Every structure is written in C-alpha cells, then in structure tokens.
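Undergrad: What follows is a single structure, and I will ask about it in a moment.
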Amino acid sequence: MSIERVIISNYRALKATEVVFDAEVNVVVGNNEAGKSTLLEAINLALKCQLNRRNAQYELHPFLINAEAIADFVAAHKSGKPTAPPKATIEVFFRMADEVADLVGSINSRKADAPGITLTIKLDENFLPEYRAFVSDTSVLNSIPIELYEIEWMAFSGEPLTPQKIQLKSVLVDPSNSPNAYAANKYVLDIVRDYLTKSQAGELSLAYRTMRDRFQEDTRITALNEDLKGKQGVVSSKVLSVAMDTTTRSSWETGIMPHLDDIPFPLVGKGEQNSVKIKLAIEAAEKCGVILIEEPENHLSHTNLGKLVSHLAERCKGRQLIISTHSSFVLNRLGIDHVLMFNGRTAITLNHLDPKTKAYFQRLPGHDTLRLILAKRSILVEGPSDDLIVQIGYRQRYGKLPLEDGVEVISVGTSFSRFLEIAQHLKLDVDVVRDNDGDAAGKKAAFAKFENEDTIHINIDDDDTARTLEPQLIKANGLPKMNQMLGIEFPDTDLLLEYCTNNKTEAALLLYERAKDLNIPKYIANAIR
C-alpha cells in the first residue's frame with residue numbers, strides 16, 4: 001500500500017501543486033523555497049491530522065493558508081467585491097489495495113473513483129455571524145480569522161476519519177528541526193516513546209516513579225526538609241519542603257536524557273545527532289508504510305552520509321520512502337531514476353523526458369542535473385573556455401562571480417537540448433551560449449521547439465565567419481589587444497586564431513588574468529543579464 005498522487009491547494013507556499021509518487025523510492029530535489037519541506041509536511045498532516053506531533057486543530061495559525069490567497073481575499077473585500085474565505089486542501093490518493101478499500105470514493109478534485117483522503121482547513125460555518133463581523137470593517141482587515149477555522153478530515157467516500165481508520169501509517173523525520181539542546185533531547189525522546197512497546201513504556205514509567213519516591217527517602221533530603229520546616233511562620237504559614245515533581249505533567253520524558261557512550265545526547269556532534277535521529281525514527285516506525293525524511297545530509301561528512309544512505313536503502317525496503325535533498329551524493333546513491341524534480345507546482349521524473357534524454361541522464365552523474373534544478377538561473381555553455389569567458393563577463397558587469405548570485409555556469413558539450421527539456425518542464429530560467437559553427441541559422445533552428453518558452457533564452461551569434469569562441473574573441477578585441485593580453489606577438493589574425501584554437505584552455509586562462517581589459521562578445525554578453 002502506498003501513495004500514488006498528492007494534490008495540494010493553498011497550503012503554505014504550495015498554491016496549486018500536484019505530484020505523482022513512485023511506490024518505493026522518491027528523491028525530491030528542488031530549489032530553496034520551492035516547497036519541498038512543505039510538501040512532506042502536508043503529506044504527513046493529511047495522513048495523521050497532526051502538526052508538530054500534536055492534533056492539528058490545536059496548531060492552526062494564519063500562515064498555514066497560502067499568503068497569496070490571503071492577500072487576494074483581503075484585496076477583494078477592500079475593493080468591495082468580497083470573496084469566500086480561502087481554505088487549504090490536501091488530497092492523498094492511494095494505490096488500490098485491500099487496506100484502503102473503505103476509503104474509495106469520488107469526492108475529490110479529479111472526480112476519480114479512487115481510494116484516498118482529504119484534509120481541509122476551512123472556515124467553520126458555525127461561526128458565520130462572527131466571520132461576518134470580522135470582515136465588516138475592511139479598513140482593519142489584513143488577514144483571515146483563523147480562530148474561526150476548523151479541520152475537516154474525510155475519506156473520498158465522504159466518511160469522516162479518525163487515526164484508527166488510516167491503515168497507512170507515516171513518520172516525518174526532520175533531523176535539522178532541533179534549534180537547541182532541549183529540543184534535540186525532546187525530539188529523540190519522542191521517537192523513543194514511539195519505539196517502546198506498551199509493556200516497556202509501563203516499566204519505564206514505574207521505574208521513574210520509584211526513583212522519585214526514593215528521592216524523598218534519602219536522609220539528606222529528610223534533613224533538609226526538617227530544617228525548612230523550622231521556617232514555618234517566617235516564609236509562610238504552611239510548611240515548605242522540597243520534593244520531585246509528582247504531578248501528572250511530570251513523566252519520564254521530562255526527567256530523562258538520552259546518552260551516547262555515556263555522553264548526553266545534546267553534547268554529541270550535530271552529524272551524529274542527525275544520523276541517530278533518522279535511524280531511530282526508522283526503527284521506531286517499523287510498521288509505517290511511508291517514511292518522509294528531510295535533507296538527511298545535514299551536518300554529515302561524505303563518509304558518514306554514505307553510511308547513512310546505505311542504511312536507508314536497506315532498512316526502507318518494502319516501504320515507500322519520500323526524501324528531500326540538496327545532495328548529489330544522495331541523488332546518485334538512491335538512483336536518478338527515483339528523482340522527482342520539484343518546482344513547487346509539479347514534479348517530473350526522467351520518464352517525462354524523451355527516451356534518449358532519459359538514457360543520457362541515467363549515464364550522467366547527478367551533480368550537473370542537480371545544479372540545473374537548484375540554481376536561481378543557469379547559463380549552459382559548450383566547454384571550459386566558454387565557462388571562463390562567461391565568468392569574466394559576469395564579474396565585469398556585477399563585480400562578483402555568477403555563483404554568488406545563485407547563477408550556475410554549466411558545461412554541457414553539445415547536449416544543450418537534454419538540459420533544456422528539464423528546464424522546459426520545470427520552467428527554469430536558462431540561457432544557452434552556443435557556437436554557430438559557420439551555420440547560425442541551422443544552429444538556431446535546432447532550438448526551435450524551445451523558442452516560445454519565456455524562461456529559455458538562446459544566444460548564438462549571426463556572423464558565420466566567426467564560427468567558435470576564439471574568432472569571436474578576436475573580432476571583439478582586435479589583433480593588437482589580443483596579442484597584449486596573451487603576451488604574444490602574432491603578425492596576423494590567422495596565426496593568432498590557430499594559436500588560440502590549439503590552446504583553448506591556456507588562452508582562456510591568460511585572458512581571465514586580464515579580465516578587466518577583455519571585450520566580451522555580444523552573444524555571450526546577452527546571456528549575462
């Protein structure tokens with residue numbers, strides 16, 4: 001039993017999102033702020049009706065509703081054309097199995113007869129009078145009345161849900177979500193509590209209570225309390241004493257700290273903490289069918305990350321793994337076939353691409369693929385020399401290197417169209433810097449299928465006599481200046497061109513050292529925007 005599809009509307013950063021998942025391994029990659037963490041949180045919320053391990057109804061706040069939807073709602077009321085209060089909806093479609101037969105119905109956005117559940121955060125209609133009063137004064141209206149909202153949790157069949165009715169159990173592991181020692185300690189103990197059997201939990205509670213009772217019997221505590229008793233009438237009319245907390249809010253979770261090799265857990269290295277959290281959560285979630293993990297690479301060395309990912313691959317067999325990452329190592333280890341390239345609206349896999357493109361990326365290590373997906377903007381070039389000239393031009397214009405602005409310069413050989421297929425699907429901002437090879441019209445025609453894409457820009461010079469980068473540089477700078485920058489003396493451009501062509505990287509490096517003096521060919525300068 002596994003998740004087949006998730007459709008999300010107006011939940012946090014995800015305004016309109018639909019993602020199809022593999023039944024086994026899913027590696028979600030995408031830029032910062034694309035909503036990867038929100039996607040995992042939304043899935044866990046829909047499956048458990050919990051946020052921060054508490055009933056979601058007690059964790060409601062306005063920022064759970066998409067900010068753009070709230071702004072549209074406020075603007076509509078202020079303009080005198082009020083709209084219904086925005087709601088957030090998370091739909092989870094399951095693959096057909098006996099365990100989810102009771103969830104089958106067609107009450108979903110696709111009108112499909114399928115097993116699934118819907119969690120909706122919406123206005124509680126029992127509070128309509130209060131809602132009307134809230135929106136009546138538009139001069140102070142700036143958000144939604146989340147206090148008047150409720151959570152509706154139901155199957156596609158229309159039946160209300162309880163945790164007991166959801167046969168597919170999930171666990172969300174966010175190892176980085178521990179801002180201090182107390183939080184790190186509590187996070188691990190929460191997982192330990194999930195790991196314990198009822199018998200073990202009972203024995204631990206009994207042992208903790210016995211320890212508290214023995215504290216009172218200690219002769220040193222008895223003597224101290226006798227001394228405090230003598231202060232009756234001075235500090236209070238009642239008898240003051242010290243004792244361990246025996247109220248119901250005091251339990252073993254508040255008084256116990258996990259240790260590793262007798263070192264308190266919060267004092268262990270961050271990498272070891274994160275690794276333990278992930279592994280422990282997986283062991284505690286042995287009966288869980290869906291494991292959601294956020295960025296397992298945090299604080300881990302390359303070696304330890306390798307061990308952890310191998311552990312994940314082994315221990316999660318037979319269960320659905322949905323993992324978000326920025327690590328090309330994780331991507332390559334779990335397999336690029338399992339990658340979901342996510343942009344906040346949808347996610348594509350290699351199966352969305354042309355078969356030849358799919359085969360190309362299956363052979364290619366995932367590093368460059370990940371760079372393209374995660375970049376704010378990418379500039380695709382043919383080789384190292386083009387890369388260096390782009391770096392020079394960018395630094396001339398902006399006083400810094402492209403990477404400092406989140407711009408990746410990626411050498412792709414002649415495989416531009418392979419990368420552009422991904423960019424086309426994900427609407428990535430990409431520039432191509434391409435030689436015309438003496439046939440500018442033909443080279444431009446090769447990119448015809450991308451010409452209507454607003455986010456893809458093709459930069460090829462029209463001068464067929466300047467076939468490649470080297471003659472383009474000579475044309476832009478002239479023979480005397482090129483001789484000066486390269487520290488050579490060629491009497492004519494033919495010899496200079498022969499030298500530059502036969503020593504591409506060396507010539508580009510020499511020009512890089514004199515970057516401020518170099519004139520950048522126009523077709524390259526156009527890509528530096």
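Ordering of the structure tokens sets the chain letters (A, B, ...); residue numbers start at 1 within each chain; ligands are numbered from 1 in the order shown.
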Please report, as a VMD selection string, each residue of range 337-403 of chain A to which DSSP assigns strand (DSSP E) when run on this structure's backbone.

TA: chain A and resid 339 to 342 347 to 348 377 to 381

Undergrad: Show me, as an MDAnalysis selection string, the residues that have an atom within 10 Å of Lys229 in chain A when counting only C-alpha atoms, minus same-chain residues fewer than 3 positions from it.

TA: chainID A and resid 223:226 232:233 238:241

Undergrad: I need the chosen residues saved as an mmCIF file, in the first residue's frame, with N, CA and C atoms.

TA:
```cif
data_model
loop_
_atom_site.group_PDB
_atom_site.id
_atom_site.type_symbol
_atom_site.label_atom_id
_atom_site.label_comp_id
_atom_site.auth_asym_id
_atom_site.auth_seq_id
_atom_site.Cartn_x
_atom_site.Cartn_y
_atom_site.Cartn_z
ATOM 1 N N ALA A 223 16.705 15.572 56.109
ATOM 2 C CA ALA A 223 17.311 16.577 56.992
ATOM 3 C C ALA A 223 17.039 17.987 56.474
ATOM 4 N N LEU A 224 17.150 18.175 55.163
ATOM 5 C CA LEU A 224 16.893 19.493 54.590
ATOM 6 C C LEU A 224 15.450 19.915 54.838
ATOM 7 N N ASN A 225 14.510 19.007 54.656
ATOM 8 C CA ASN A 225 13.101 19.340 54.858
ATOM 9 C C ASN A 225 12.789 19.628 56.319
ATOM 10 N N GLU A 226 13.485 18.950 57.245
ATOM 11 C CA GLU A 226 13.304 19.247 58.673
ATOM 12 C C GLU A 226 13.747 20.671 58.965
ATOM 13 N N GLN A 232 8.566 27.587 59.158
ATOM 14 C CA GLN A 232 7.123 27.821 59.122
ATOM 15 C C GLN A 232 6.781 29.042 59.971
ATOM 16 N N GLY A 233 5.977 29.904 59.429
ATOM 17 C CA GLY A 233 5.619 31.137 60.113
ATOM 18 C C GLY A 233 6.515 32.290 59.750
ATOM 19 N N LYS A 238 2.435 27.904 55.995
ATOM 20 C CA LYS A 238 2.442 26.489 55.660
ATOM 21 C C LYS A 238 3.875 25.958 55.684
ATOM 22 N N VAL A 239 4.012 24.640 55.704
ATOM 23 C CA VAL A 239 5.326 24.004 55.766
ATOM 24 C C VAL A 239 5.934 23.928 54.365
ATOM 25 N N LEU A 240 7.145 24.495 54.202
ATOM 26 C CA LEU A 240 7.880 24.455 52.940
ATOM 27 C C LEU A 240 8.778 23.224 52.916
ATOM 28 N N SER A 241 8.808 22.521 51.777
ATOM 29 C CA SER A 241 9.689 21.353 51.629
ATOM 30 C C SER A 241 10.081 21.221 50.161
#
```

Undergrad: Using only C-alpha atoms, determine which residues lie at most 6 Å from range 34-45 of chain A, disregarding the query and same-chain residues fewer than 5 positions distant; provide the list as a PyMOL selection string.

TA: chain A and resi 50+343-344

Undergrad: Write out as a ChimeraX atom specification the residues lying within 7 Å of Pro521 in chain A, counting only C-alpha atoms and excluding same-chain residues fewer than 4 positions away.

TA: /A:472-473,476,525

Undergrad: Keeping only N, CA, C and O atoms, write those residues as a tab-separated table (two decimals), in the first residue's frame.

TA:
```tsv
chain	number	residue	atom	x	y	z
A	472	GLN	N	35.43	34.77	-32.28
A	472	GLN	CA	34.53	35.76	-31.69
A	472	GLN	C	35.31	36.70	-30.77
A	472	GLN	O	35.08	37.92	-30.76
A	473	LEU	N	36.25	36.13	-29.98
A	473	LEU	CA	37.07	36.96	-29.10
A	473	LEU	C	37.99	37.89	-29.89
A	473	LEU	O	38.17	39.06	-29.54
A	476	ALA	N	35.97	40.73	-31.32
A	476	ALA	CA	35.53	41.70	-30.32
A	476	ALA	C	36.68	42.55	-29.79
A	476	ALA	O	36.46	43.67	-29.32
A	525	ALA	N	27.64	38.32	-23.91
A	525	ALA	CA	27.17	39.42	-23.03
A	525	ALA	C	25.66	39.40	-22.89
A	525	ALA	O	25.12	39.74	-21.82
```

Undergrad: Within 8 Å of range 313-330 of chain A, counting only C-alpha atoms, which residues show up once you throw out same-chain ones fewer than 4 positions away? Write them as a PyMOL selection string, please.

TA: chain A and resi 2-3+22-30+36-37+40+282+288-297+306+309+334+366-367+370+374

Undergrad: Looking at A:Lys356, A:His61, A:Lys78, A:Arg529, which one is nearest to Asp405 in chain A, with distances taken over only C-alpha atoms?

TA: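 Closest to Asp405 in chain A of all the choices is A:Arg529.
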
Undergrad: Compile the contact shell of range 93-107 of chain A as a count of residues only: residues with an atom at most 6 Å away, counting only C-alpha atoms, same-chain residues fewer than 3 positions apart removed.

TA: 13

Undergrad: Using DSSP secondary structure from the backbone, list all helix (DSSP H, G or I) positions within range 353-423 of chain A, as number ranges by chain.

TA: A: 355-363, 366-374, 384-398, 402-405, 416-423
